[in-house]
Amino acid sequence: WKIYYKPLEIGDRLLVRPSWEKAEDTGRIVLSLDPGMAFGTGSHHTTRMCLEFLEKTVKAGDDMIDMGCGSGILSIASLLLGAKEAVAVDIDPIAEKIAYENAAMNGIGKDTYTVLVGDVLSDSALQDKLCEKKYDVVAANIVASVIIELSAIVPKLIKKDGVFIMSGIIAERLDEVLCALDKNGFEVLEVKAGDDWQAILARPKRFFVKPDDMTEDSAAIIGEDVKHISKVLRMQSGDRVMLSDGCGYEYLAEIETISRERVELKLLDKKPCP
């Protein structure tokens, strides 16, 4: 299979290069890779679309987590694109060895890169470990059924202004995934298609607050969103959410109190909607 795996330009900045191939200097960020027995070479539509989303969203200093890392291609690419730290998780022990080897091949050490083995969906201890911090970028290139289940876990992992990148979704199951994302508090920013495969870029939902329910430094959420915040997301005082006023601005806010009919918030930051 190696004779068919050649250097591949992805997006505007990335070049995925098999470790045994030479590549001309084109000014692109070179990601050297030997996938071995793990999935992820960059040639499959799902991996390519995720890399394109990463190129678009990863910022310098970001924390990133890759759920179902395979060869480590997405997490390693994130570090090469400027992320500060990355965590890669896979159910297959083989992925741990391969991902660390690929990271080392790209000059990335264990001080910024961590690979963990386990099933995030069933291993509560692993979930707790991952939830010790929040991530700017969460990626999952797996299958639709796993992404649907992960969509209930990712809200505990992602920063309020973070992004959730996912692929491995066949066209027939796209609507199921979109429904699960909506149910778990995400809004979809973009959907890509490659052959019969779909990739989604989403972010935590911005809760709408009417200008009449805002002051210079406070706001209140009322209606159905109160139940979603308290019962689905299980947020508490001190947690932070993103708000939109419908007038071109969004706000970072901190929850002060939650009652059955109202969430009171303190406004921390205001900026124009992107």
# chains A, B, ... in the order shown; residues from 1 in each chain; ligands from 1

call {"tool": "select_by_dssp", "arguments": {"residues": "segment 167-215 of chain A", "states": "strand (DSSP E or B)", "output": "VMD selection string"}}
result
chain A and resid 167 to 170 186 to 194 197 to 204 207 to 208 214

call {"tool": "residues_around", "arguments": {"residues": "segment 148-164 of chain A", "least_positions_apart": "6", "cutoff": "6 Å", "atoms": "only C-alpha atoms", "output": "list in words"}}
result
Cys131, Lys134, Tyr135, Asp136, Val137, Val138, Ala139, Val177, Ala180, Leu181, Asn184, Leu201, Ala202, Arg203 and Val241 of chain A

call {"tool": "residues_around", "arguments": {"residues": "Leu178 of chain A", "least_positions_apart": "3", "cutoff": "12 Å", "atoms": "only C-alpha atoms", "output": "list in words"}}
result
Ala144, Ser145, Ile147, Ile148, Ser151, Met166, Ser167, Ile169, Ala171, Glu172, Arg173, Leu174, Asp175, Leu181, Asp182, Lys183, Asn184, Gly185, Phe186, Glu187, Val188, Leu189, Glu190, Val191, Gln198, Ala199, Ile200, Leu201 and Ala202 of chain A

call {"tool": "write_last_selection", "arguments": {"atoms": "N, CA, C and O atoms", "output": "compact mmCIF listing (two decimals), in the first residue's frame"}}
result
# COMPACT_ATOMS: atom_id res chain seq x y z
N ALA A 144 -20.77 7.76 13.08
CA ALA A 144 -21.92 8.54 13.53
C ALA A 144 -22.43 8.08 14.90
O ALA A 144 -22.74 8.92 15.76
N SER A 145 -22.54 6.78 15.12
CA SER A 145 -23.12 6.29 16.38
C SER A 145 -22.30 6.72 17.58
O SER A 145 -22.85 7.08 18.63
N ILE A 147 -20.23 9.41 17.64
CA ILE A 147 -20.33 10.87 17.73
C ILE A 147 -21.62 11.27 18.43
O ILE A 147 -21.65 12.21 19.24
N ILE A 148 -22.71 10.56 18.14
CA ILE A 148 -23.99 10.86 18.79
C ILE A 148 -23.87 10.71 20.30
O ILE A 148 -24.33 11.57 21.06
N SER A 151 -21.59 13.47 21.84
CA SER A 151 -22.16 14.82 21.88
C SER A 151 -22.74 15.15 23.25
O SER A 151 -22.92 16.33 23.58
N MET A 166 -16.01 17.10 13.77
CA MET A 166 -16.32 15.66 13.70
C MET A 166 -16.51 15.20 12.27
O MET A 166 -16.97 15.95 11.41
N SER A 167 -16.15 13.94 12.02
CA SER A 167 -16.39 13.33 10.73
C SER A 167 -16.47 11.81 10.92
O SER A 167 -16.51 11.32 12.03
N ILE A 169 -18.99 10.41 9.29
CA ILE A 169 -20.45 10.37 9.27
C ILE A 169 -20.92 10.12 7.84
O ILE A 169 -20.65 10.92 6.94
N ALA A 171 -23.69 9.98 4.85
CA ALA A 171 -24.75 10.95 4.54
C ALA A 171 -26.09 10.56 5.15
O ALA A 171 -26.83 11.42 5.62
N GLU A 172 -26.40 9.26 5.16
CA GLU A 172 -27.71 8.82 5.65
C GLU A 172 -27.91 9.09 7.14
O GLU A 172 -29.04 9.12 7.63
N ARG A 173 -26.81 9.29 7.88
CA ARG A 173 -26.92 9.49 9.33
C ARG A 173 -26.65 10.93 9.75
O ARG A 173 -26.61 11.22 10.94
N LEU A 174 -26.46 11.80 8.78
CA LEU A 174 -26.16 13.20 9.10
C LEU A 174 -27.25 13.82 9.96
O LEU A 174 -26.95 14.50 10.96
N ASP A 175 -28.51 13.62 9.60
CA ASP A 175 -29.61 14.24 10.36
C ASP A 175 -29.63 13.77 11.80
O ASP A 175 -29.95 14.54 12.71
N LEU A 181 -26.53 16.90 18.24
CA LEU A 181 -25.78 18.13 18.54
C LEU A 181 -26.70 19.21 19.07
O LEU A 181 -26.39 19.89 20.06
N ASP A 182 -27.84 19.38 18.43
CA ASP A 182 -28.80 20.39 18.88
C ASP A 182 -29.30 20.09 20.28
O ASP A 182 -29.38 20.98 21.14
N LYS A 183 -29.61 18.82 20.54
CA LYS A 183 -30.11 18.39 21.84
C LYS A 183 -29.10 18.67 22.95
O LYS A 183 -29.47 18.99 24.09
N ASN A 184 -27.80 18.57 22.62
CA ASN A 184 -26.76 18.72 23.63
C ASN A 184 -26.09 20.10 23.62
O ASN A 184 -25.00 20.28 24.16
N GLY A 185 -26.78 21.07 23.03
CA GLY A 185 -26.34 22.45 23.17
C GLY A 185 -25.31 22.95 22.19
O GLY A 185 -24.58 23.89 22.49
N PHE A 186 -25.27 22.37 20.99
CA PHE A 186 -24.33 22.83 19.97
C PHE A 186 -25.08 23.47 18.81
O PHE A 186 -26.20 23.08 18.47
N GLU A 187 -24.43 24.43 18.19
CA GLU A 187 -24.93 24.99 16.94
C GLU A 187 -23.93 24.69 15.84
O GLU A 187 -22.71 24.76 16.06
N VAL A 188 -24.43 24.33 14.68
CA VAL A 188 -23.58 23.93 13.56
C VAL A 188 -23.15 25.16 12.77
O VAL A 188 -23.98 25.98 12.38
N LEU A 189 -21.84 25.27 12.53
CA LEU A 189 -21.29 26.39 11.78
C LEU A 189 -21.10 26.04 10.31
O LEU A 189 -21.26 26.89 9.44
N GLU A 190 -20.75 24.77 10.03
CA GLU A 190 -20.48 24.38 8.65
C GLU A 190 -20.55 22.85 8.52
O GLU A 190 -20.18 22.12 9.45
N VAL A 191 -21.02 22.40 7.38
CA VAL A 191 -21.02 20.98 7.04
C VAL A 191 -20.28 20.81 5.72
O VAL A 191 -20.57 21.50 4.75
N GLN A 198 -19.56 12.96 5.51
CA GLN A 198 -19.86 14.31 5.97
C GLN A 198 -18.93 14.68 7.13
O GLN A 198 -18.53 13.81 7.91
N ALA A 199 -18.61 15.96 7.23
CA ALA A 199 -17.86 16.49 8.36
C ALA A 199 -18.58 17.73 8.87
O ALA A 199 -19.17 18.47 8.09
N ILE A 200 -18.54 17.92 10.18
CA ILE A 200 -19.30 19.01 10.80
C ILE A 200 -18.37 19.85 11.68
O ILE A 200 -17.53 19.31 12.42
N LEU A 201 -18.53 21.15 11.59
CA LEU A 201 -17.88 22.09 12.51
C LEU A 201 -18.99 22.73 13.35
O LEU A 201 -19.92 23.32 12.80
N ALA A 202 -18.90 22.57 14.66
CA ALA A 202 -19.94 23.10 15.55
C ALA A 202 -19.29 23.81 16.72
O ALA A 202 -18.08 23.72 16.95

call {"tool": "residues_around", "arguments": {"residues": "Gly118 of chain A", "least_positions_apart": "6", "cutoff": "10 Å", "atoms": "only C-alpha atoms", "output": "JSON, numbers by chain"}}
result
{"A": [68, 89, 90, 91, 92, 93, 125, 126, 127]}

call {"tool": "residues_around", "arguments": {"residues": "Glu216 of chain A", "least_positions_apart": "2", "cutoff": "12 Å", "atoms": "only C-alpha atoms", "output": "ChimeraX atom specification"}}
result
/A:211-214,218-219,251,265-270

call {"tool": "write_last_selection", "arguments": {"atoms": "N, CA, C and O atoms", "output": "mmCIF file, in the first residue's frame"}}
result
data_model
loop_
_atom_site.group_PDB
_atom_site.id
_atom_site.type_symbol
_atom_site.label_atom_id
_atom_site.label_comp_id
_atom_site.auth_asym_id
_atom_site.auth_seq_id
_atom_site.Cartn_x
_atom_site.Cartn_y
_atom_site.Cartn_z
ATOM 1 N N PRO A 211 -32.506 42.252 24.465
ATOM 2 C CA PRO A 211 -31.908 43.465 25.043
ATOM 3 C C PRO A 211 -32.655 43.961 26.282
ATOM 4 O O PRO A 211 -32.029 44.515 27.201
ATOM 5 N N ASP A 212 -33.977 43.745 26.344
ATOM 6 C CA ASP A 212 -34.757 44.168 27.514
ATOM 7 C C ASP A 212 -34.380 43.400 28.773
ATOM 8 O O ASP A 212 -34.675 43.852 29.892
ATOM 9 N N ASP A 213 -33.746 42.209 28.594
ATOM 10 C CA ASP A 213 -33.350 41.384 29.738
ATOM 11 C C ASP A 213 -31.875 41.557 30.078
ATOM 12 O O ASP A 213 -31.275 40.712 30.746
ATOM 13 N N MET A 214 -31.275 42.653 29.597
ATOM 14 C CA MET A 214 -29.861 42.911 29.843
ATOM 15 C C MET A 214 -29.672 44.304 30.419
ATOM 16 O O MET A 214 -30.436 45.232 30.141
ATOM 17 N N SER A 218 -25.163 42.817 33.419
ATOM 18 C CA SER A 218 -25.882 41.599 33.800
ATOM 19 C C SER A 218 -26.903 41.230 32.727
ATOM 20 O O SER A 218 -27.233 42.033 31.844
ATOM 21 N N ALA A 219 -27.374 39.982 32.804
ATOM 22 C CA ALA A 219 -28.373 39.506 31.854
ATOM 23 C C ALA A 219 -29.170 38.393 32.512
ATOM 24 O O ALA A 219 -28.765 37.823 33.541
ATOM 25 N N TYR A 251 -21.637 37.708 24.048
ATOM 26 C CA TYR A 251 -21.107 38.012 25.379
ATOM 27 C C TYR A 251 -20.643 36.735 26.066
ATOM 28 O O TYR A 251 -21.303 35.686 25.967
ATOM 29 N N LEU A 265 -27.138 36.110 35.151
ATOM 30 C CA LEU A 265 -25.745 36.053 34.729
ATOM 31 C C LEU A 265 -25.041 37.389 34.887
ATOM 32 O O LEU A 265 -25.671 38.444 34.799
ATOM 33 N N LYS A 266 -23.721 37.303 35.087
ATOM 34 C CA LYS A 266 -22.862 38.485 35.105
ATOM 35 C C LYS A 266 -22.112 38.537 33.783
ATOM 36 O O LYS A 266 -21.492 37.541 33.378
ATOM 37 N N LEU A 267 -22.164 39.665 33.088
ATOM 38 C CA LEU A 267 -21.475 39.805 31.812
ATOM 39 C C LEU A 267 -19.993 40.085 32.042
ATOM 40 O O LEU A 267 -19.631 40.980 32.801
ATOM 41 N N LEU A 268 -19.152 39.307 31.356
ATOM 42 C CA LEU A 268 -17.711 39.423 31.542
ATOM 43 C C LEU A 268 -17.004 40.064 30.339
ATOM 44 O O LEU A 268 -15.982 40.721 30.492
ATOM 45 N N ASP A 269 -17.553 39.826 29.143
ATOM 46 C CA ASP A 269 -16.888 40.329 27.943
ATOM 47 C C ASP A 269 -17.922 40.499 26.834
ATOM 48 O O ASP A 269 -18.895 39.754 26.762
ATOM 49 N N LYS A 270 -17.690 41.469 25.964
ATOM 50 C CA LYS A 270 -18.579 41.745 24.843
ATOM 51 C C LYS A 270 -17.750 41.914 23.577
ATOM 52 O O LYS A 270 -16.712 42.574 23.607
#

call {"tool": "residues_around", "arguments": {"residues": "Ser230 of chain A", "least_positions_apart": "4", "cutoff": "10 Å", "atoms": "only C-alpha atoms", "output": "CSV table (one decimal) with all heavy atoms, in the first residue's frame"}}
result
chain,number,residue,atom,x,y,z
A,225,ASP,N,-34.6,27.7,27.4
A,225,ASP,CA,-33.2,27.6,27.6
A,225,ASP,C,-32.8,27.4,29.1
A,225,ASP,O,-31.8,26.8,29.4
A,225,ASP,CB,-32.5,28.8,27.1
A,225,ASP,CG,-32.4,28.9,25.6
A,225,ASP,OD1,-32.5,27.8,25.0
A,225,ASP,OD2,-32.1,29.9,25.0
A,226,VAL,N,-33.7,27.8,30.0
A,226,VAL,CA,-33.4,27.6,31.4
A,226,VAL,C,-33.3,26.1,31.7
A,226,VAL,O,-32.4,25.6,32.4
A,226,VAL,CB,-34.5,28.3,32.3
A,226,VAL,CG1,-34.2,27.9,33.8
A,226,VAL,CG2,-34.4,29.8,32.1
A,234,ARG,N,-26.6,20.7,32.8
A,234,ARG,CA,-26.4,20.6,34.3
A,234,ARG,C,-25.3,21.6,34.7
A,234,ARG,O,-24.4,21.3,35.5
A,234,ARG,CB,-25.9,19.1,34.6
A,234,ARG,CG,-27.0,18.1,34.3
A,234,ARG,CD,-26.6,16.7,34.8
A,234,ARG,NE,-27.6,15.8,34.5
A,234,ARG,CZ,-27.6,14.5,34.9
A,234,ARG,NH1,-26.5,14.0,35.5
A,234,ARG,NH2,-28.6,13.7,34.6
A,235,MET,N,-25.5,22.8,34.3
A,235,MET,CA,-24.6,23.9,34.7
A,235,MET,C,-25.0,24.4,36.1
A,235,MET,O,-26.1,24.2,36.6
A,235,MET,CB,-24.7,25.0,33.6
A,235,MET,CG,-24.4,24.5,32.2
A,235,MET,SD,-24.2,25.8,31.0
A,235,MET,CE,-22.5,26.3,31.3
A,236,GLN,N,-24.0,25.0,36.7
A,236,GLN,CA,-24.1,25.5,38.1
A,236,GLN,C,-23.6,27.0,38.1
A,236,GLN,O,-23.0,27.5,37.2
A,236,GLN,CB,-23.4,24.6,39.0
A,236,GLN,CG,-23.8,23.2,39.0
A,236,GLN,CD,-22.9,22.3,39.9
A,236,GLN,OE1,-21.9,22.8,40.4
A,236,GLN,NE2,-23.3,21.1,40.1
A,258,ILE,N,-29.5,30.1,39.4
A,258,ILE,CA,-30.4,29.3,38.5
A,258,ILE,C,-31.6,29.0,39.3
A,258,ILE,O,-31.5,28.4,40.4
A,258,ILE,CB,-29.7,28.1,38.0
A,258,ILE,CG1,-28.4,28.4,37.2
A,258,ILE,CG2,-30.7,27.3,37.1
A,258,ILE,CD1,-27.7,27.1,36.7
A,259,SER,N,-32.8,29.4,38.8
A,259,SER,CA,-34.0,29.0,39.4
A,259,SER,C,-34.8,28.2,38.3
A,259,SER,O,-34.3,28.0,37.2
A,259,SER,CB,-34.9,30.2,39.9
A,259,SER,OG,-35.2,31.0,38.7
A,260,ARG,N,-36.0,27.8,38.7
A,260,ARG,CA,-36.8,27.0,37.7
A,260,ARG,C,-37.2,27.8,36.5
A,260,ARG,O,-37.4,27.3,35.4
A,260,ARG,CB,-38.1,26.5,38.4
A,260,ARG,CG,-37.8,25.5,39.4
A,260,ARG,CD,-39.2,25.0,40.0
A,260,ARG,NE,-40.0,24.3,39.0
A,260,ARG,CZ,-41.2,23.9,39.3
A,260,ARG,NH1,-41.7,24.0,40.5
A,260,ARG,NH2,-41.9,23.3,38.3
A,263,VAL,N,-32.3,32.2,34.7
A,263,VAL,CA,-30.9,32.1,35.0
A,263,VAL,C,-30.3,33.6,35.0
A,263,VAL,O,-30.4,34.3,34.0
A,263,VAL,CB,-30.1,31.3,33.9
A,263,VAL,CG1,-28.6,31.3,34.2
A,263,VAL,CG2,-30.7,29.9,33.8

call {"tool": "residues_around", "arguments": {"residues": "segment 21-23 of chain A", "least_positions_apart": "6", "cutoff": "9 Å", "atoms": "only C-alpha atoms", "output": "number ranges by chain"}}
result
A: 5-7, 15, 30

call {"tool": "write_last_selection", "arguments": {"atoms": "all heavy atoms", "output": "PDB file, in the first residue's frame"}}
result
ATOM      1  N   TYR A   5       0.684   5.763  -1.378  1.00  0.00           N
ATOM      2  CA  TYR A   5       0.597   6.817  -0.365  1.00  0.00           C
ATOM      3  C   TYR A   5       1.690   7.838  -0.630  1.00  0.00           C
ATOM      4  O   TYR A   5       2.865   7.596  -0.369  1.00  0.00           O
ATOM      5  CB  TYR A   5       0.728   6.187   1.018  1.00  0.00           C
ATOM      6  CG  TYR A   5       0.582   7.137   2.187  1.00  0.00           C
ATOM      7  CD1 TYR A   5      -0.128   8.322   2.084  1.00  0.00           C
ATOM      8  CD2 TYR A   5       1.169   6.826   3.414  1.00  0.00           C
ATOM      9  CE1 TYR A   5      -0.254   9.181   3.155  1.00  0.00           C
ATOM     10  CE2 TYR A   5       1.042   7.675   4.504  1.00  0.00           C
ATOM     11  CZ  TYR A   5       0.332   8.852   4.359  1.00  0.00           C
ATOM     12  OH  TYR A   5       0.209   9.704   5.427  1.00  0.00           O
ATOM     13  N   LYS A   6       1.314   8.988  -1.186  1.00  0.00           N
ATOM     14  CA  LYS A   6       2.247  10.018  -1.599  1.00  0.00           C
ATOM     15  C   LYS A   6       2.011  11.304  -0.803  1.00  0.00           C
ATOM     16  O   LYS A   6       0.965  11.467  -0.172  1.00  0.00           O
ATOM     17  CB  LYS A   6       2.071  10.307  -3.092  1.00  0.00           C
ATOM     18  CG  LYS A   6       2.330   9.102  -3.995  1.00  0.00           C
ATOM     19  CD  LYS A   6       3.774   8.646  -3.915  1.00  0.00           C
ATOM     20  CE  LYS A   6       4.020   7.469  -4.850  1.00  0.00           C
ATOM     21  NZ  LYS A   6       5.430   6.976  -4.750  1.00  0.00           N
ATOM     22  N   PRO A   7       2.965  12.255  -0.817  1.00  0.00           N
ATOM     23  CA  PRO A   7       2.742  13.543  -0.147  1.00  0.00           C
ATOM     24  C   PRO A   7       1.451  14.188  -0.639  1.00  0.00           C
ATOM     25  O   PRO A   7       1.138  14.171  -1.836  1.00  0.00           O
ATOM     26  CB  PRO A   7       3.970  14.357  -0.554  1.00  0.00           C
ATOM     27  CG  PRO A   7       5.025  13.331  -0.780  1.00  0.00           C
ATOM     28  CD  PRO A   7       4.323  12.158  -1.387  1.00  0.00           C
ATOM     29  N   LEU A  15       0.887  19.965   4.502  1.00  0.00           N
ATOM     30  CA  LEU A  15       1.380  18.933   3.598  1.00  0.00           C
ATOM     31  C   LEU A  15       1.628  17.682   4.428  1.00  0.00           C
ATOM     32  O   LEU A  15       2.485  17.675   5.319  1.00  0.00           O
ATOM     33  CB  LEU A  15       2.678  19.373   2.910  1.00  0.00           C
ATOM     34  CG  LEU A  15       3.351  18.310   2.031  1.00  0.00           C
ATOM     35  CD1 LEU A  15       2.492  18.028   0.801  1.00  0.00           C
ATOM     36  CD2 LEU A  15       4.752  18.758   1.598  1.00  0.00           C
ATOM     37  N   VAL A  30       4.752  20.878   7.177  1.00  0.00           N
ATOM     38  CA  VAL A  30       4.901  19.467   6.816  1.00  0.00           C
ATOM     39  C   VAL A  30       4.608  18.575   8.017  1.00  0.00           C
ATOM     40  O   VAL A  30       5.183  18.748   9.099  1.00  0.00           O
ATOM     41  CB  VAL A  30       6.322  19.171   6.294  1.00  0.00           C
ATOM     42  CG1 VAL A  30       6.466  17.686   5.973  1.00  0.00           C
ATOM     43  CG2 VAL A  30       6.609  20.019   5.059  1.00  0.00           C
TER      44      VAL A  30
END

call {"tool": "atom_distance", "arguments": {"atom1": "atom CA of Val232 of chain A", "atom2": "atom CA of Ala140 of chain A"}}
result
21.4 Å

call {"tool": "closest_residue", "arguments": {"among": "A:Val146, A:Leu33, A:Ile165, A:Ile94", "to": "Ile65 of chain A", "atoms": "only C-alpha atoms"}}
result
A:Ile165

call {"tool": "select_by_dssp", "arguments": {"residues": "segment 69-191 of chain A", "states": "alpha helix (DSSP H)", "output": "JSON, numbers by chain"}}
result
{"A": [73, 74, 75, 76, 77, 78, 79, 80, 93, 94, 95, 96, 97, 98, 99, 100, 101, 102, 103, 104, 105, 124, 125, 126, 127, 128, 129, 130, 144, 145, 146, 147, 148, 149, 150, 174, 175, 176, 177, 178, 179, 180, 181, 182, 183]}

call {"tool": "write_last_selection", "arguments": {"atoms": "N, CA and C atoms", "output": "compact mmCIF listing (two decimals), in the first residue's frame"}}
result
# COMPACT_ATOMS: atom_id res chain seq x y z
N ILE A 73 -2.88 11.78 13.62
CA ILE A 73 -2.73 12.82 12.60
C ILE A 73 -3.42 14.13 12.98
N LEU A 74 -4.62 14.08 13.56
CA LEU A 74 -5.34 15.32 13.85
C LEU A 74 -4.72 16.08 15.02
N SER A 75 -4.34 15.37 16.05
CA SER A 75 -3.74 16.03 17.22
C SER A 75 -2.34 16.55 16.91
N ILE A 76 -1.58 15.79 16.14
CA ILE A 76 -0.24 16.24 15.76
C ILE A 76 -0.34 17.47 14.84
N ALA A 77 -1.28 17.43 13.89
CA ALA A 77 -1.48 18.58 13.01
C ALA A 77 -1.84 19.82 13.82
N SER A 78 -2.66 19.64 14.85
CA SER A 78 -3.06 20.78 15.68
C SER A 78 -1.86 21.43 16.35
N LEU A 79 -0.94 20.61 16.86
CA LEU A 79 0.26 21.15 17.48
C LEU A 79 1.13 21.87 16.46
N LEU A 80 1.25 21.31 15.27
CA LEU A 80 2.04 21.96 14.23
C LEU A 80 1.40 23.27 13.78
N PRO A 93 -4.95 -0.06 21.84
CA PRO A 93 -3.61 0.17 22.40
C PRO A 93 -2.54 0.41 21.34
N ILE A 94 -2.74 -0.14 20.13
CA ILE A 94 -1.76 0.06 19.05
C ILE A 94 -1.62 1.55 18.73
N ALA A 95 -2.73 2.28 18.84
CA ALA A 95 -2.71 3.70 18.50
C ALA A 95 -1.77 4.49 19.40
N GLU A 96 -1.64 4.09 20.65
CA GLU A 96 -0.77 4.82 21.58
C GLU A 96 0.66 4.82 21.08
N LYS A 97 1.18 3.64 20.72
CA LYS A 97 2.55 3.53 20.24
C LYS A 97 2.75 4.30 18.94
N ILE A 98 1.82 4.13 18.00
CA ILE A 98 1.96 4.76 16.69
C ILE A 98 1.86 6.28 16.79
N ALA A 99 0.91 6.76 17.58
CA ALA A 99 0.73 8.21 17.72
C ALA A 99 1.96 8.85 18.35
N TYR A 100 2.52 8.23 19.39
CA TYR A 100 3.73 8.79 20.00
C TYR A 100 4.91 8.77 19.02
N GLU A 101 5.02 7.70 18.23
CA GLU A 101 6.11 7.63 17.24
C GLU A 101 5.95 8.71 16.18
N ASN A 102 4.72 8.93 15.72
CA ASN A 102 4.48 9.97 14.72
C ASN A 102 4.72 11.36 15.29
N ALA A 103 4.38 11.55 16.55
CA ALA A 103 4.63 12.84 17.19
C ALA A 103 6.14 13.11 17.25
N ALA A 104 6.90 12.11 17.67
CA ALA A 104 8.36 12.26 17.77
C ALA A 104 8.97 12.56 16.40
N MET A 105 8.41 11.95 15.36
CA MET A 105 8.88 12.16 14.00
C MET A 105 8.73 13.63 13.59
N SER A 124 -15.74 5.68 33.09
CA SER A 124 -16.02 6.90 33.85
C SER A 124 -14.75 7.53 34.41
N ALA A 125 -13.78 6.69 34.78
CA ALA A 125 -12.51 7.23 35.31
C ALA A 125 -11.78 8.02 34.23
N LEU A 126 -11.79 7.51 33.00
CA LEU A 126 -11.15 8.22 31.90
C LEU A 126 -11.90 9.52 31.61
N GLN A 127 -13.23 9.47 31.63
CA GLN A 127 -14.01 10.69 31.45
C GLN A 127 -13.64 11.74 32.48
N ASP A 128 -13.56 11.31 33.75
CA ASP A 128 -13.22 12.25 34.82
C ASP A 128 -11.84 12.87 34.60
N LYS A 129 -10.89 12.05 34.16
CA LYS A 129 -9.53 12.54 33.92
C LYS A 129 -9.53 13.59 32.81
N LEU A 130 -10.26 13.31 31.73
CA LEU A 130 -10.31 14.24 30.60
C LEU A 130 -11.01 15.53 30.98
N ALA A 144 -20.77 7.76 13.08
CA ALA A 144 -21.92 8.54 13.53
C ALA A 144 -22.43 8.08 14.90
N SER A 145 -22.54 6.78 15.12
CA SER A 145 -23.12 6.29 16.38
C SER A 145 -22.30 6.72 17.58
N VAL A 146 -20.98 6.73 17.45
CA VAL A 146 -20.11 7.16 18.55
C VAL A 146 -20.19 8.67 18.74
N ILE A 147 -20.23 9.41 17.64
CA ILE A 147 -20.33 10.87 17.73
C ILE A 147 -21.62 11.27 18.43
N ILE A 148 -22.71 10.56 18.14
CA ILE A 148 -23.99 10.86 18.79
C ILE A 148 -23.87 10.71 20.30
N GLU A 149 -23.20 9.66 20.75
CA GLU A 149 -23.00 9.47 22.19
C GLU A 149 -22.01 10.49 22.75
N LEU A 150 -20.97 10.79 22.00
CA LEU A 150 -19.98 11.76 22.47
C LEU A 150 -20.57 13.16 22.62
N LEU A 174 -26.46 11.80 8.78
CA LEU A 174 -26.16 13.20 9.10
C LEU A 174 -27.25 13.82 9.96
N ASP A 175 -28.51 13.62 9.60
CA ASP A 175 -29.61 14.24 10.36
C ASP A 175 -29.63 13.77 11.80
N GLU A 176 -29.30 12.50 12.05
CA GLU A 176 -29.26 11.98 13.42
C GLU A 176 -28.19 12.70 14.24
N VAL A 177 -27.03 12.91 13.62
CA VAL A 177 -25.94 13.59 14.32
C VAL A 177 -26.32 15.04 14.58
N LEU A 178 -26.90 15.71 13.60
CA LEU A 178 -27.31 17.10 13.77
C LEU A 178 -28.34 17.23 14.89
N CYS A 179 -29.25 16.28 14.98
CA CYS A 179 -30.26 16.29 16.04
C CYS A 179 -29.61 16.14 17.40
N ALA A 180 -28.64 15.22 17.52
CA ALA A 180 -27.94 15.01 18.80
C ALA A 180 -27.15 16.24 19.20
N LEU A 181 -26.53 16.90 18.24
CA LEU A 181 -25.78 18.13 18.54
C LEU A 181 -26.70 19.21 19.07
N ASP A 182 -27.84 19.38 18.43
CA ASP A 182 -28.80 20.39 18.88
C ASP A 182 -29.30 20.09 20.28
N LYS A 183 -29.61 18.82 20.54
CA LYS A 183 -30.11 18.39 21.84
C LYS A 183 -29.10 18.67 22.95

call {"tool": "atom_distance", "arguments": {"atom1": "atom CA of Lys205 of chain A", "atom2": "atom CA of Thr257 of chain A"}}
result
19.6 Å

call {"tool": "closest_residue", "arguments": {"among": "A:Ile170, A:Ile142, A:Ile229, A:Ile108", "to": "Asp195 of chain A", "atoms": "only C-alpha atoms"}}
result
A:Ile170
